[in-house]
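Following: one structure in structure tokens, then a few remarks.
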Amino acid sequence: MVVGQEATNRPEQLPPVTVEGIPESQQLIGPYNQPRWTARGRFSSDLDVYVLPPFLFYTDFDYTGTVPRRHGQTDNLFTQEFEMGLPRRFQLSYENNFEIIGPHTQETEHTIEARYALANWDVIPLNPTLFTEYHFGVGKDYENDGDPLPDSVELRLLLGEQFGKRCQWALNGFWEQQLGGDRETEIGFAQALSYSIRDEYLKAGVEMQFVRRTDIDTHAHPEYEFDLGPSFSWKPSRRTRLDIAPLFGLTGQSPVVTVFAVFSIDFGKAVNEAEGVVPVSMQHH
């Protein structure tokens, strides 16, 4: 054999090729082909997004602490919420609210919520979801002479989207109307932008809300509240998550600060057991 031919017949060595997999949070799951980061119902400590996959169940334990700017006492609100995804892009939830304000400790309201996503994920831009909630007042309004808390109804439009590889965004527009008492009306929106430091397991971002508030005596002189602050999200495990957002009031009619904290737990089957993951090669067809 000729030495030159032996050298020519050797297999050519190619440089190694690194194939980057899609981040876990962006894997498409379930019958709606939604990214995994939308499969908790809560986007952040005070915003919702899209719907849960069918029969996925979550519970949230929430704390909201509000320090008023003028007169009044710090309001400590504790909420327990149960959420379940249903077929055909529906979701149902129940909330129970418990309040400590000054010397008063009471149960304030029970809430029933329903959501409906207008289409599978990424079919309609910004993935609009309709949200309605009915609040049953069961406590007393100690900021208004101890009158019974009235029932109220709330409507929201939920929007959400992924931008690039690490940024996720949600916006909630809302309208809430009391059905008794002072007949207070709230109209506004809240939005949050989150940046993935370590995929779903560690995130940081910014969150804000704007509220226009009137009642039967102040229709001509509404109050305007604008709050802004950082948000943080940490998943100590696949089934649990902690969200924290201190929002600071930027108008004279805003509270000094409102602190939101939410601890959520998945009690359903693990997401990758319940829905299955769409193969990467099929995720953009």
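Within each chain, counting starts at residue 1; across the structure tokens, chains are named A, B, ... in the order shown, with ligands numbered 1 upward in that order.
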Using only C-alpha atoms, determine which residues lie at most 10 Å from Ser44 (chain A), disregarding the query and same-chain residues fewer than 4 positions distant; provide the list as a list of chain:residue names.
->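 The neighbour list is A:Arg40, A:Asp48, A:Val49, A:Trp169, A:Ala170, A:Gln191, A:Ala192, A:Leu193, A:Ser194, A:Gly205, A:Glu207, A:Ser231, A:Phe232, A:Ser233, A:Leu242, A:Asp243, A:Ile244, A:Ala245, A:Phe260, A:Ala261, A:Val262.
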Members of region 9-233 of chain A assigned helix (DSSP H, G or I) by DSSP, as a list in words =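 Filtering region 9-233 of chain A down to helix (DSSP H, G or I) leaves Glu24, Ser25, Gln26, Arg36, Trp37 and Thr38 of chain A.
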Give me, as a PDB file with N, CA and C atoms, in the first residue's frame, all polymer residues having an atom no more than 6 Å from region 181-186 of chain A, counting only C-alpha atoms and skipping those fewer than 2 positions away in the same chain.
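selection38.pdb written:
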ATOM      1  N   PRO A 150     -69.530  44.973  51.008  1.00  0.00           N
ATOM      2  CA  PRO A 150     -70.466  44.603  49.940  1.00  0.00           C
ATOM      3  C   PRO A 150     -69.867  43.560  49.002  1.00  0.00           C
ATOM      4  N   TRP A 175     -61.464  45.957  35.694  1.00  0.00           N
ATOM      5  CA  TRP A 175     -62.577  46.814  36.124  1.00  0.00           C
ATOM      6  C   TRP A 175     -63.282  46.085  37.254  1.00  0.00           C
ATOM      7  N   GLU A 176     -63.439  46.751  38.402  1.00  0.00           N
ATOM      8  CA  GLU A 176     -64.112  46.137  39.554  1.00  0.00           C
ATOM      9  C   GLU A 176     -65.175  47.093  40.068  1.00  0.00           C
ATOM     10  N   GLN A 177     -66.361  46.540  40.349  1.00  0.00           N
ATOM     11  CA  GLN A 177     -67.492  47.351  40.787  1.00  0.00           C
ATOM     12  C   GLN A 177     -68.112  46.751  42.043  1.00  0.00           C
ATOM     13  N   GLN A 178     -68.173  47.553  43.118  1.00  0.00           N
ATOM     14  CA  GLN A 178     -68.924  47.133  44.300  1.00  0.00           C
ATOM     15  C   GLN A 178     -70.417  47.201  43.994  1.00  0.00           C
ATOM     16  N   LEU A 179     -71.170  46.232  44.539  1.00  0.00           N
ATOM     17  CA  LEU A 179     -72.605  46.162  44.292  1.00  0.00           C
ATOM     18  C   LEU A 179     -73.430  46.738  45.425  1.00  0.00           C
ATOM     19  N   ARG A 212     -57.542  53.832  38.956  1.00  0.00           N
ATOM     20  CA  ARG A 212     -58.416  55.009  39.094  1.00  0.00           C
ATOM     21  C   ARG A 212     -59.603  54.577  39.937  1.00  0.00           C
ATOM     22  N   ARG A 213     -59.849  55.267  41.053  1.00  0.00           N
ATOM     23  CA  ARG A 213     -60.827  54.808  42.040  1.00  0.00           C
ATOM     24  C   ARG A 213     -61.854  55.914  42.316  1.00  0.00           C
ATOM     25  N   THR A 214     -63.149  55.568  42.244  1.00  0.00           N
ATOM     26  CA  THR A 214     -64.222  56.508  42.583  1.00  0.00           C
ATOM     27  C   THR A 214     -65.279  55.779  43.406  1.00  0.00           C
ATOM     28  N   ASP A 215     -66.159  56.545  44.065  1.00  0.00           N
ATOM     29  CA  ASP A 215     -67.341  55.970  44.716  1.00  0.00           C
ATOM     30  C   ASP A 215     -68.508  56.927  44.495  1.00  0.00           C
ATOM     31  N   ILE A 216     -69.625  56.693  45.195  1.00  0.00           N
ATOM     32  CA  ILE A 216     -70.830  57.492  44.924  1.00  0.00           C
ATOM     33  C   ILE A 216     -70.630  58.965  45.293  1.00  0.00           C
TER      34      ILE A 216
END
Considering only C-alpha atoms, tabulate each residue of region 126-219 of chain A that lies at most 12 Å from region 70-76 of chain A along with its nearest interatomic pair and the corresponding distance in Å to one decimal; arrange the rows by chain and ascending residue number and present them as a tab-separated table.
residue	atom	partner	partner_atom	distance
A:Asp141	CA	A:Asp75	CA	11.8
A:Tyr142	CA	A:Gly72	CA	10.2
A:Glu143	CA	A:Gly72	CA	7.9
A:Asn144	CA	A:Gly72	CA	11.3
Residues of region 9-155 of chain A in strand (DSSP E or B) according to DSSP, as a count of residues only?
-> 72
Region 198-235 of chain A near region 246-253 of chain A within 7 Å: what's each residue's closest atom pair and its distance in Å to one decimal, counting only C-alpha atoms, ordered by chain then ascending residue number, as CSV?
residue,atom,partner,partner_atom,distance
A:Glu223,CA,A:Gln253,CA,6.3
A:Tyr224,CA,A:Gln253,CA,6.2
A:Glu225,CA,A:Gln253,CA,5.8
A:Phe226,CA,A:Leu250,CA,5.6
A:Asp227,CA,A:Gly249,CA,4.5
A:Leu228,CA,A:Leu247,CA,4.9
A:Gly229,CA,A:Leu247,CA,4.3
A:Pro230,CA,A:Pro246,CA,6.5
Store the residues picked out above in a file with N, CA and C atoms, as a PDB file, in the first residue's frame.
ATOM      1  N   GLU A 223     -59.616  59.234  42.709  1.00  0.00           N
ATOM      2  CA  GLU A 223     -58.279  59.026  43.248  1.00  0.00           C
ATOM      3  C   GLU A 223     -57.452  58.244  42.227  1.00  0.00           C
ATOM      4  N   TYR A 224     -56.176  58.586  42.148  1.00  0.00           N
ATOM      5  CA  TYR A 224     -55.275  57.900  41.225  1.00  0.00           C
ATOM      6  C   TYR A 224     -54.126  57.283  42.017  1.00  0.00           C
ATOM      7  N   GLU A 225     -53.945  55.996  41.837  1.00  0.00           N
ATOM      8  CA  GLU A 225     -52.865  55.281  42.509  1.00  0.00           C
ATOM      9  C   GLU A 225     -51.918  54.699  41.463  1.00  0.00           C
ATOM     10  N   PHE A 226     -50.634  54.950  41.659  1.00  0.00           N
ATOM     11  CA  PHE A 226     -49.618  54.397  40.769  1.00  0.00           C
ATOM     12  C   PHE A 226     -48.500  53.818  41.628  1.00  0.00           C
ATOM     13  N   ASP A 227     -48.231  52.525  41.455  1.00  0.00           N
ATOM     14  CA  ASP A 227     -47.239  51.825  42.262  1.00  0.00           C
ATOM     15  C   ASP A 227     -46.221  51.156  41.341  1.00  0.00           C
ATOM     16  N   LEU A 228     -44.963  51.134  41.774  1.00  0.00           N
ATOM     17  CA  LEU A 228     -43.888  50.576  40.963  1.00  0.00           C
ATOM     18  C   LEU A 228     -42.848  49.959  41.880  1.00  0.00           C
ATOM     19  N   GLY A 229     -42.278  48.818  41.447  1.00  0.00           N
ATOM     20  CA  GLY A 229     -41.238  48.219  42.261  1.00  0.00           C
ATOM     21  C   GLY A 229     -40.657  46.970  41.624  1.00  0.00           C
ATOM     22  N   PRO A 230     -39.641  46.390  42.257  1.00  0.00           N
ATOM     23  CA  PRO A 230     -39.008  45.173  41.735  1.00  0.00           C
ATOM     24  C   PRO A 230     -39.828  43.937  42.072  1.00  0.00           C
TER      25      PRO A 230
END
